[in-house]
>>> print(open('my_file24.pdb').read())   # PDB, C-alpha atoms, pLDDT in the B column
ATOM      1  CA  MET A   1      13.446-154.994 172.940  1.00 88.00           C
ATOM      2  CA  ILE A   2      14.385-152.443 170.299  1.00 89.00           C
ATOM      3  CA  GLU A   3      17.440-151.513 172.388  1.00 91.00           C
ATOM      4  CA  PHE A   4      18.554-155.134 172.301  1.00 93.00           C
ATOM      5  CA  ILE A   5      18.150-155.343 168.504  1.00 94.00           C
ATOM      6  CA  LYS A   6      19.998-152.055 168.078  1.00 93.00           C
ATOM      7  CA  GLY A   7      22.882-153.211 170.260  1.00 93.00           C
ATOM      8  CA  THR A   8      23.131-156.509 168.425  1.00 94.00           C
ATOM      9  CA  LEU A   9      23.206-154.735 165.059  1.00 93.00           C
ATOM     10  CA  LEU A  10      25.879-152.293 166.240  1.00 94.00           C
ATOM     11  CA  ILE A  11      28.164-154.935 167.728  1.00 95.00           C
ATOM     12  CA  SER A  12      27.818-157.297 164.767  1.00 95.00           C
ATOM     13  CA  GLY A  13      28.398-154.466 162.266  1.00 94.00           C
ATOM     14  CA  ALA A  14      31.539-153.340 164.084  1.00 94.00           C
ATOM     15  CA  SER A  15      32.714-156.960 164.292  1.00 95.00           C
ATOM     16  CA  PHE A  16      32.294-157.394 160.527  1.00 95.00           C
ATOM     17  CA  MET A  17      34.421-154.292 159.996  1.00 94.00           C
ATOM     18  CA  LEU A  18      37.106-155.666 162.310  1.00 95.00           C
ATOM     19  CA  LEU A  19      36.909-158.932 160.333  1.00 94.00           C
ATOM     20  CA  ALA A  20      37.460-157.006 157.098  1.00 94.00           C
ATOM     21  CA  ALA A  21      40.497-155.253 158.588  1.00 94.00           C
ATOM     22  CA  ILE A  22      41.956-158.549 159.845  1.00 94.00           C
ATOM     23  CA  GLY A  23      41.410-160.083 156.409  1.00 93.00           C
ATOM     24  CA  LEU A  24      43.116-157.104 154.777  1.00 93.00           C
ATOM     25  CA  LEU A  25      46.075-157.565 157.083  1.00 92.00           C
ATOM     26  CA  ARG A  26      46.407-161.349 156.990  1.00 92.00           C
ATOM     27  CA  LEU A  27      45.535-162.525 153.469  1.00 91.00           C
ATOM     28  CA  PRO A  28      48.390-163.126 151.039  1.00 90.00           C
ATOM     29  CA  ASP A  29      47.702-161.163 147.828  1.00 89.00           C
ATOM     30  CA  LEU A  30      45.651-158.299 146.457  1.00 90.00           C
ATOM     31  CA  LEU A  31      42.645-160.191 145.110  1.00 90.00           C
ATOM     32  CA  THR A  32      42.087-162.197 148.298  1.00 91.00           C
ATOM     33  CA  ARG A  33      42.428-158.967 150.325  1.00 92.00           C
ATOM     34  CA  MET A  34      39.791-157.322 148.155  1.00 92.00           C
ATOM     35  CA  HIS A  35      37.525-160.338 148.612  1.00 91.00           C
ATOM     36  CA  ALA A  36      37.770-159.842 152.379  1.00 90.00           C
ATOM     37  CA  THR A  37      37.300-156.071 152.506  1.00 91.00           C
ATOM     38  CA  THR A  38      34.547-155.480 149.947  1.00 92.00           C
ATOM     39  CA  LYS A  39      31.932-157.845 151.293  1.00 92.00           C
ATOM     40  CA  ALA A  40      32.585-157.720 155.035  1.00 93.00           C
ATOM     41  CA  ALA A  41      32.875-153.919 155.193  1.00 92.00           C
ATOM     42  CA  ALA A  42      29.725-153.413 153.103  1.00 93.00           C
ATOM     43  CA  LEU A  43      27.786-155.752 155.409  1.00 94.00           C
ATOM     44  CA  GLY A  44      29.167-153.893 158.439  1.00 94.00           C
ATOM     45  CA  VAL A  45      28.000-150.515 157.133  1.00 94.00           C
ATOM     46  CA  ILE A  46      24.587-151.959 156.254  1.00 95.00           C
ATOM     47  CA  LEU A  47      24.087-153.313 159.798  1.00 95.00           C
ATOM     48  CA  ILE A  48      25.176-150.050 161.434  1.00 94.00           C
ATOM     49  CA  MET A  49      22.891-147.992 159.187  1.00 94.00           C
ATOM     50  CA  LEU A  50      19.991-150.321 160.060  1.00 94.00           C
ATOM     51  CA  ALA A  51      20.750-149.630 163.730  1.00 93.00           C
ATOM     52  CA  ALA A  52      20.748-145.873 163.056  1.00 93.00           C
ATOM     53  CA  ALA A  53      17.416-146.128 161.212  1.00 93.00           C
ATOM     54  CA  MET A  54      15.905-148.032 164.157  1.00 93.00           C
ATOM     55  CA  HIS A  55      17.326-145.547 166.665  1.00 92.00           C
ATOM     56  CA  PHE A  56      15.851-142.417 165.082  1.00 91.00           C
ATOM     57  CA  ALA A  57      12.651-144.034 163.703  1.00 87.00           C
ATOM     58  CA  ASP A  58      11.914-140.954 161.607  1.00 89.00           C
ATOM     59  CA  VAL A  59      10.921-140.967 157.938  1.00 93.00           C
ATOM     60  CA  GLY A  60      13.681-138.657 156.747  1.00 91.00           C
ATOM     61  CA  VAL A  61      16.407-140.428 158.705  1.00 92.00           C
ATOM     62  CA  VAL A  62      15.255-143.878 157.622  1.00 93.00           C
ATOM     63  CA  ALA A  63      15.241-142.711 153.993  1.00 93.00           C
ATOM     64  CA  ARG A  64      18.794-141.361 154.373  1.00 92.00           C
ATOM     65  CA  ALA A  65      19.994-144.567 156.035  1.00 91.00           C
ATOM     66  CA  PHE A  66      18.496-146.633 153.213  1.00 93.00           C
ATOM     67  CA  ALA A  67      20.088-144.263 150.681  1.00 92.00           C
ATOM     68  CA  ILE A  68      23.484-145.004 152.263  1.00 92.00           C
ATOM     69  CA  ILE A  69      22.766-148.750 152.171  1.00 93.00           C
ATOM     70  CA  VAL A  70      21.786-148.669 148.490  1.00 94.00           C
ATOM     71  CA  PHE A  71      24.778-146.475 147.654  1.00 93.00           C
ATOM     72  CA  ILE A  72      27.201-148.874 149.394  1.00 92.00           C
ATOM     73  CA  LEU A  73      25.564-151.875 147.714  1.00 93.00           C
ATOM     74  CA  ILE A  74      25.963-150.255 144.285  1.00 93.00           C
ATOM     75  CA  THR A  75      29.440-148.763 144.612  1.00 93.00           C
ATOM     76  CA  ALA A  76      31.344-151.450 146.553  1.00 92.00           C
ATOM     77  CA  PRO A  77      31.318-154.048 143.707  1.00 92.00           C
ATOM     78  CA  ILE A  78      32.082-151.377 141.079  1.00 93.00           C
ATOM     79  CA  ALA A  79      35.079-150.044 142.999  1.00 92.00           C
ATOM     80  CA  ALA A  80      36.354-153.583 143.673  1.00 92.00           C
ATOM     81  CA  HIS A  81      35.996-154.502 139.989  1.00 93.00           C
ATOM     82  CA  VAL A  82      37.804-151.365 138.785  1.00 93.00           C
ATOM     83  CA  ILE A  83      40.668-151.708 141.269  1.00 92.00           C
ATOM     84  CA  GLY A  84      41.084-155.437 140.571  1.00 90.00           C
ATOM     85  CA  ARG A  85      41.123-154.822 136.831  1.00 89.00           C
ATOM     86  CA  ALA A  86      43.692-152.017 137.128  1.00 89.00           C
ATOM     87  CA  ALA A  87      45.835-154.124 139.473  1.00 88.00           C
ATOM     88  CA  TYR A  88      45.864-157.052 137.026  1.00 86.00           C
ATOM     89  CA  PHE A  89      46.829-154.730 134.184  1.00 84.00           C
ATOM     90  CA  VAL A  90      49.739-153.185 136.075  1.00 84.00           C
ATOM     91  CA  GLY A  91      50.958-156.685 136.886  1.00 78.00           C
ATOM     92  CA  SER A  92      50.322-157.249 140.587  1.00 79.00           C
ATOM     93  CA  ARG A  93      51.623-160.628 141.670  1.00 82.00           C
ATOM     94  CA  LEU A  94      49.214-163.413 142.554  1.00 84.00           C
ATOM     95  CA  TRP A  95      49.614-165.681 145.568  1.00 85.00           C
ATOM     96  CA  SER A  96      51.983-168.622 145.042  1.00 86.00           C
ATOM     97  CA  GLY A  97      49.120-171.003 145.893  1.00 85.00           C
ATOM     98  CA  THR A  98      46.855-169.698 143.129  1.00 84.00           C
ATOM     99  CA  VAL A  99      45.330-172.668 141.302  1.00 86.00           C
ATOM    100  CA  LYS A 100      44.008-171.102 138.110  1.00 84.00           C
ATOM    101  CA  ASP A 101      44.586-167.852 136.214  1.00 82.00           C
ATOM    102  CA  GLU A 102      42.468-168.104 133.089  1.00 80.00           C
ATOM    103  CA  LEU A 103      43.386-164.617 131.873  1.00 80.00           C
ATOM    104  CA  ARG A 104      47.130-165.256 131.621  1.00 80.00           C
ATOM    105  CA  PRO A 105      47.276-167.343 128.393  1.00 80.00           C
ATOM    106  CA  ASN A 106      44.712-165.136 126.612  1.00 81.00           C
ATOM    107  CA  TYR A 107      45.733-161.640 127.655  1.00 80.00           C
ATOM    108  CA  ASP A 108      48.626-159.756 126.065  1.00 79.00           C
ATOM    109  CA  PRO A 109      49.847-157.036 128.465  1.00 74.00           C
ATOM    110  CA  LEU A 110      51.841-155.208 125.760  1.00 76.00           C
ATOM    111  CA  THR A 111      49.047-154.724 123.226  1.00 77.00           C
ATOM    112  CA  HIS A 112      46.308-154.724 125.909  1.00 76.00           C
ATOM    113  CA  GLU A 113      44.444-157.298 123.807  1.00 79.00           C
ATOM    114  CA  LEU A 114      42.236-160.101 125.108  1.00 79.00           C
ATOM    115  CA  LYS A 115      41.649-163.254 123.072  1.00 79.00           C
ATOM    116  CA  SER A 116      38.609-165.438 123.471  1.00 77.00           C
ATOM    117  CA  GLY A 117      40.697-168.603 123.646  1.00 70.00           C
ATOM    118  CA  LEU A 118      38.993-170.070 120.546  1.00 74.00           C
ATOM    119  CA  GLU A 119      41.314-168.644 117.853  1.00 71.00           C
ATOM    120  CA  THR A 120      42.081-171.850 115.902  1.00 74.00           C
ATOM    121  CA  HIS A 121      42.401-172.061 112.131  1.00 73.00           C
ATOM    122  CA  GLU A 122      39.167-174.019 112.008  1.00 73.00           C
ATOM    123  CA  ASN A 123      37.271-171.270 113.823  1.00 70.00           C
ATOM    124  CA  ALA A 124      38.814-168.533 111.673  1.00 70.00           C
ATOM    125  CA  LYS A 125      37.257-169.946 108.469  1.00 75.00           C
ATOM    126  CA  ARG A 126      34.073-168.405 107.172  1.00 75.00           C
ATOM    127  CA  HIS A 127      31.021-170.627 106.941  1.00 75.00           C
ATOM    128  CA  PRO A 128      28.453-168.739 104.828  1.00 76.00           C
ATOM    129  CA  ARG A 129      24.824-169.493 105.443  1.00 78.00           C
ATOM    130  CA  THR A 130      22.135-169.665 102.799  1.00 77.00           C
ATOM    131  CA  THR A 131      20.338-166.713 104.360  1.00 77.00           C
ATOM    132  CA  ASP A 132      23.380-164.405 104.056  1.00 74.00           C
ATOM    133  CA  PRO A 133      23.146-161.627 101.485  1.00 73.00           C
ATOM    134  CA  ASP A 134      25.760-161.845  98.698  1.00 64.00           C
TER
ATOM    135  CA  MET B   1      23.222-148.672 175.309  1.00 82.00           C
ATOM    136  CA  ASP B   2      26.175-146.360 176.037  1.00 88.00           C
ATOM    137  CA  THR B   3      28.362-149.365 176.805  1.00 92.00           C
ATOM    138  CA  VAL B   4      27.382-151.040 173.528  1.00 93.00           C
ATOM    139  CA  ILE B   5      28.200-147.861 171.584  1.00 94.00           C
ATOM    140  CA  LEU B   6      31.566-147.573 173.344  1.00 95.00           C
ATOM    141  CA  ILE B   7      32.403-151.231 172.599  1.00 94.00           C
ATOM    142  CA  SER B   8      31.525-150.871 168.925  1.00 94.00           C
ATOM    143  CA  GLN B   9      33.582-147.666 168.685  1.00 94.00           C
ATOM    144  CA  VAL B  10      36.576-149.432 170.217  1.00 95.00           C
ATOM    145  CA  ILE B  11      36.191-152.358 167.802  1.00 94.00           C
ATOM    146  CA  MET B  12      36.006-150.027 164.806  1.00 94.00           C
ATOM    147  CA  GLY B  13      38.967-148.003 166.068  1.00 94.00           C
ATOM    148  CA  LEU B  14      40.947-151.240 166.211  1.00 94.00           C
ATOM    149  CA  ALA B  15      39.822-151.969 162.640  1.00 94.00           C
ATOM    150  CA  LEU B  16      41.081-148.533 161.587  1.00 94.00           C
ATOM    151  CA  VAL B  17      44.475-149.217 163.199  1.00 95.00           C
ATOM    152  CA  LEU B  18      44.789-152.597 161.430  1.00 94.00           C
ATOM    153  CA  THR B  19      43.821-150.981 158.107  1.00 93.00           C
ATOM    154  CA  PHE B  20      46.423-148.284 158.646  1.00 94.00           C
ATOM    155  CA  VAL B  21      49.072-150.963 159.188  1.00 93.00           C
ATOM    156  CA  ARG B  22      48.240-152.261 155.711  1.00 92.00           C
ATOM    157  CA  VAL B  23      48.409-148.735 154.263  1.00 92.00           C
ATOM    158  CA  VAL B  24      51.918-148.349 155.666  1.00 93.00           C
ATOM    159  CA  ARG B  25      53.183-151.847 154.865  1.00 89.00           C
ATOM    160  CA  GLY B  26      51.277-152.557 151.647  1.00 77.00           C
ATOM    161  CA  PRO B  27      53.776-153.926 149.141  1.00 84.00           C
ATOM    162  CA  SER B  28      52.189-152.294 146.088  1.00 86.00           C
ATOM    163  CA  LEU B  29      50.068-149.260 145.287  1.00 88.00           C
ATOM    164  CA  PRO B  30      46.832-151.241 144.598  1.00 89.00           C
ATOM    165  CA  ASP B  31      47.089-152.718 148.115  1.00 91.00           C
ATOM    166  CA  ARG B  32      47.192-149.211 149.541  1.00 91.00           C
ATOM    167  CA  VAL B  33      44.204-148.151 147.424  1.00 91.00           C
ATOM    168  CA  VAL B  34      42.172-151.100 148.738  1.00 92.00           C
ATOM    169  CA  ALA B  35      43.205-150.249 152.293  1.00 93.00           C
ATOM    170  CA  LEU B  36      42.190-146.601 151.858  1.00 92.00           C
ATOM    171  CA  GLU B  37      38.813-147.666 150.531  1.00 92.00           C
ATOM    172  CA  LEU B  38      38.265-149.863 153.581  1.00 93.00           C
ATOM    173  CA  PHE B  39      39.352-146.850 155.648  1.00 93.00           C
ATOM    174  CA  SER B  40      36.601-144.676 154.175  1.00 93.00           C
ATOM    175  CA  THR B  41      34.010-147.432 154.640  1.00 93.00           C
ATOM    176  CA  THR B  42      34.993-147.845 158.298  1.00 94.00           C
ATOM    177  CA  VAL B  43      34.773-144.068 158.822  1.00 94.00           C
ATOM    178  CA  VAL B  44      31.239-144.159 157.376  1.00 93.00           C
ATOM    179  CA  GLY B  45      30.357-146.760 160.005  1.00 93.00           C
ATOM    180  CA  LEU B  46      31.968-144.670 162.763  1.00 94.00           C
ATOM    181  CA  VAL B  47      30.000-141.601 161.713  1.00 94.00           C
ATOM    182  CA  GLY B  48      26.798-143.686 161.817  1.00 93.00           C
ATOM    183  CA  VAL B  49      27.612-144.822 165.364  1.00 94.00           C
ATOM    184  CA  TYR B  50      28.416-141.235 166.374  1.00 94.00           C
ATOM    185  CA  ALA B  51      25.066-140.104 164.966  1.00 93.00           C
ATOM    186  CA  ILE B  52      23.372-142.622 167.283  1.00 93.00           C
ATOM    187  CA  GLN B  53      25.542-141.548 170.246  1.00 93.00           C
ATOM    188  CA  SER B  54      24.952-137.810 169.830  1.00 93.00           C
ATOM    189  CA  GLY B  55      21.354-138.052 168.671  1.00 91.00           C
ATOM    190  CA  VAL B  56      22.000-135.705 165.733  1.00 91.00           C
ATOM    191  CA  ALA B  57      20.608-137.264 162.565  1.00 89.00           C
ATOM    192  CA  SER B  58      22.399-134.790 160.274  1.00 91.00           C
ATOM    193  CA  PHE B  59      25.641-136.755 160.672  1.00 93.00           C
ATOM    194  CA  LEU B  60      24.184-139.305 158.241  1.00 93.00           C
ATOM    195  CA  ASP B  61      24.504-136.644 155.492  1.00 93.00           C
ATOM    196  CA  ALA B  62      28.204-136.448 156.291  1.00 93.00           C
ATOM    197  CA  ALA B  63      28.342-140.251 156.048  1.00 92.00           C
ATOM    198  CA  ILE B  64      26.812-140.079 152.549  1.00 93.00           C
ATOM    199  CA  VAL B  65      29.429-137.523 151.478  1.00 93.00           C
ATOM    200  CA  ILE B  66      32.297-139.596 152.901  1.00 93.00           C
ATOM    201  CA  ALA B  67      31.056-142.728 151.096  1.00 92.00           C
ATOM    202  CA  LEU B  68      30.840-140.769 147.829  1.00 93.00           C
ATOM    203  CA  MET B  69      34.361-139.366 148.257  1.00 93.00           C
ATOM    204  CA  GLY B  70      35.769-142.838 148.972  1.00 91.00           C
ATOM    205  CA  PHE B  71      34.150-144.275 145.856  1.00 93.00           C
ATOM    206  CA  LEU B  72      35.375-141.431 143.635  1.00 94.00           C
ATOM    207  CA  ALA B  73      38.889-141.699 145.078  1.00 92.00           C
ATOM    208  CA  ALA B  74      38.963-145.432 144.337  1.00 91.00           C
ATOM    209  CA  ILE B  75      37.781-144.882 140.750  1.00 93.00           C
ATOM    210  CA  GLY B  76      40.314-142.076 140.232  1.00 92.00           C
ATOM    211  CA  PHE B  77      43.183-144.132 141.624  1.00 90.00           C
ATOM    212  CA  ALA B  78      42.232-147.060 139.406  1.00 89.00           C
ATOM    213  CA  ARG B  79      42.229-144.825 136.307  1.00 90.00           C
ATOM    214  CA  PHE B  80      45.594-143.410 137.339  1.00 89.00           C
ATOM    215  CA  LEU B  81      47.037-146.912 137.795  1.00 86.00           C
ATOM    216  CA  GLU B  82      45.735-148.161 134.466  1.00 84.00           C
ATOM    217  CA  ARG B  83      47.049-145.102 132.607  1.00 84.00           C
ATOM    218  CA  GLY B  84      50.527-145.636 134.037  1.00 78.00           C
ATOM    219  CA  GLY B  85      51.074-149.072 132.504  1.00 71.00           C
ATOM    220  CA  PRO B  86      52.882-152.039 134.084  1.00 71.00           C
ATOM    221  CA  ARG B  87      54.812-151.204 137.250  1.00 73.00           C
ATOM    222  CA  ASP B  88      56.960-153.153 139.641  1.00 71.00           C
ATOM    223  CA  ASP B  89      56.667-152.054 143.259  1.00 67.00           C
TER
END
>>> encode(input="my_file24.pdb", output="structure tokens")
Amino acid sequence: MIEFIKGTLLISGASFMLLAAIGLLRLPDLLTRMHATTKAAALGVILIMLAAAMHFADVGVVARAFAIIVFILITAPIAAHVIGRAAYFVGSRLWSGTVKDELRPNYDPLTHELKSGLETHENAKRHPRTTDPD
Amino acid sequence: MDTVILISQVIMGLALVLTFVRVVRGPSLPDRVVALELFSTTVVGLVGVYAIQSGVASFLDAAIVIALMGFLAAIGFARFLERGGPRDD
């Protein structure tokens, strides 16, 4: 029984990694490629490490396998966020079918400044409250 | 069990080849960085499978180190890209 579960975990983990690679190869622009690789590859590693933990069934090995799982779960979103941010700043092109880019009207690539999108004259006025100190 | 391990190794080797195609073709540097990160993640999985195949649990330590190196390389590349300013490649 445990052999069957182990085999299923191994095959499905490897398949998720193949899926991530196919997504990296086939998708049109950087952000969609990152969306494919980050999640699918992290899930693949998690499944394979679960299989390793079940295979050895030893306290130290299980702790190490779970350490790898937690490490992947923490670092994969951080790395994806940092790379996506850097890629947007250096001006990587988006797919021609992109529907919405909310950063474009508010972000100035020369001064590296981001507006909130609410900078009207009405919002710039000061409205003092009665509780404010003089 | 040996057959299952062999099949999963073949699948992950194929994934490595496809990732390498993106490293070679990738139109811009961020694409290559993403591909290299997927490369390191796939190698972590391969090391895990090899630990099961050989029965040596110490390979999982190597997997931890490889995952750490991949993460640090991605962070370093991202800092390098951001420092360089807008680029057109």
>>> closest_residue(input="my_file24.pdb", among="B:Gly26, B:Met12, B:Val34, B:Thr19", to="B:Val47", atoms="only C-alpha atoms")
B:Met12
>>> closest_atom_pairs(input="my_file24.pdb", of="chain B", to="chain A", cutoff="7 Å", atoms="only C-alpha atoms", output="CSV")
residue,atom,partner,partner_atom,distance
B:Met1,CA,A:Gly7,CA,6.8
B:Val4,CA,A:Gly7,CA,6.0
B:Ser8,CA,A:Ile11,CA,5.4
B:Ile11,CA,A:Ala14,CA,6.0
B:Met12,CA,A:Ala14,CA,5.6
B:Ala15,CA,A:Leu18,CA,4.6
B:Leu18,CA,A:Ala21,CA,5.8
B:Thr19,CA,A:Ala21,CA,5.4
B:Arg22,CA,A:Leu25,CA,5.9
B:Pro30,CA,A:Ala87,CA,6.0
B:Asp31,CA,A:Leu30,CA,6.0
B:Val34,CA,A:Met34,CA,6.7
B:Leu38,CA,A:Thr37,CA,6.4
B:Thr41,CA,A:Ala41,CA,6.6
B:Thr42,CA,A:Met17,CA,6.7
B:Gly45,CA,A:Val45,CA,5.3
B:Gly48,CA,A:Met49,CA,6.4
B:Val49,CA,A:Ile48,CA,7.0
B:Ile52,CA,A:Ala52,CA,5.9
B:Ala57,CA,A:Val61,CA,6.5
B:Leu60,CA,A:Arg64,CA,6.9
B:Ile64,CA,A:Ile68,CA,6.0
B:Phe71,CA,A:Ala79,CA,6.5
B:Ala74,CA,A:Ala79,CA,6.2
B:Ile75,CA,A:Ala79,CA,6.2
B:Ala78,CA,A:Ile83,CA,5.2
B:Leu81,CA,A:Ala86,CA,6.1
B:Glu82,CA,A:Ala86,CA,5.1
B:Gly85,CA,A:Val90,CA,5.6
B:Pro86,CA,A:Val90,CA,3.9
B:Arg87,CA,A:Val90,CA,5.6
>>> atom_distance(input="my_file24.pdb", atom1="atom CA of A:Gly117", atom2="atom CA of A:Thr98")
20.5 Å
>>> atom_distance(input="my_file24.pdb", atom1="atom CA of B:Tyr50", atom2="atom CA of B:Ile5")
8.4 Å
>>> atom_distance(input="my_file24.pdb", atom1="atom CA of A:Leu73", atom2="atom CA of B:Phe20")
23.8 Å
>>> residues_near_point(input="my_file24.pdb", point="(42.7, -146.1, 147.4)", cutoff="7 Å", atoms="all atoms listed in the file", output="VMD selection string")
chain B and resid 32 to 37 73 to 74 77
>>> write_last_selection(input="my_file24.pdb", atoms="C-alpha atoms", output="mmCIF file, in the frame of the given file")
data_model
loop_
_atom_site.group_PDB
_atom_site.id
_atom_site.type_symbol
_atom_site.label_atom_id
_atom_site.label_comp_id
_atom_site.auth_asym_id
_atom_site.auth_seq_id
_atom_site.Cartn_x
_atom_site.Cartn_y
_atom_site.Cartn_z
ATOM 1 C CA ARG B 32 47.192 -149.211 149.541
ATOM 2 C CA VAL B 33 44.204 -148.151 147.424
ATOM 3 C CA VAL B 34 42.172 -151.100 148.738
ATOM 4 C CA ALA B 35 43.205 -150.249 152.293
ATOM 5 C CA LEU B 36 42.190 -146.601 151.858
ATOM 6 C CA GLU B 37 38.813 -147.666 150.531
ATOM 7 C CA ALA B 73 38.889 -141.699 145.078
ATOM 8 C CA ALA B 74 38.963 -145.432 144.337
ATOM 9 C CA PHE B 77 43.183 -144.132 141.624
#
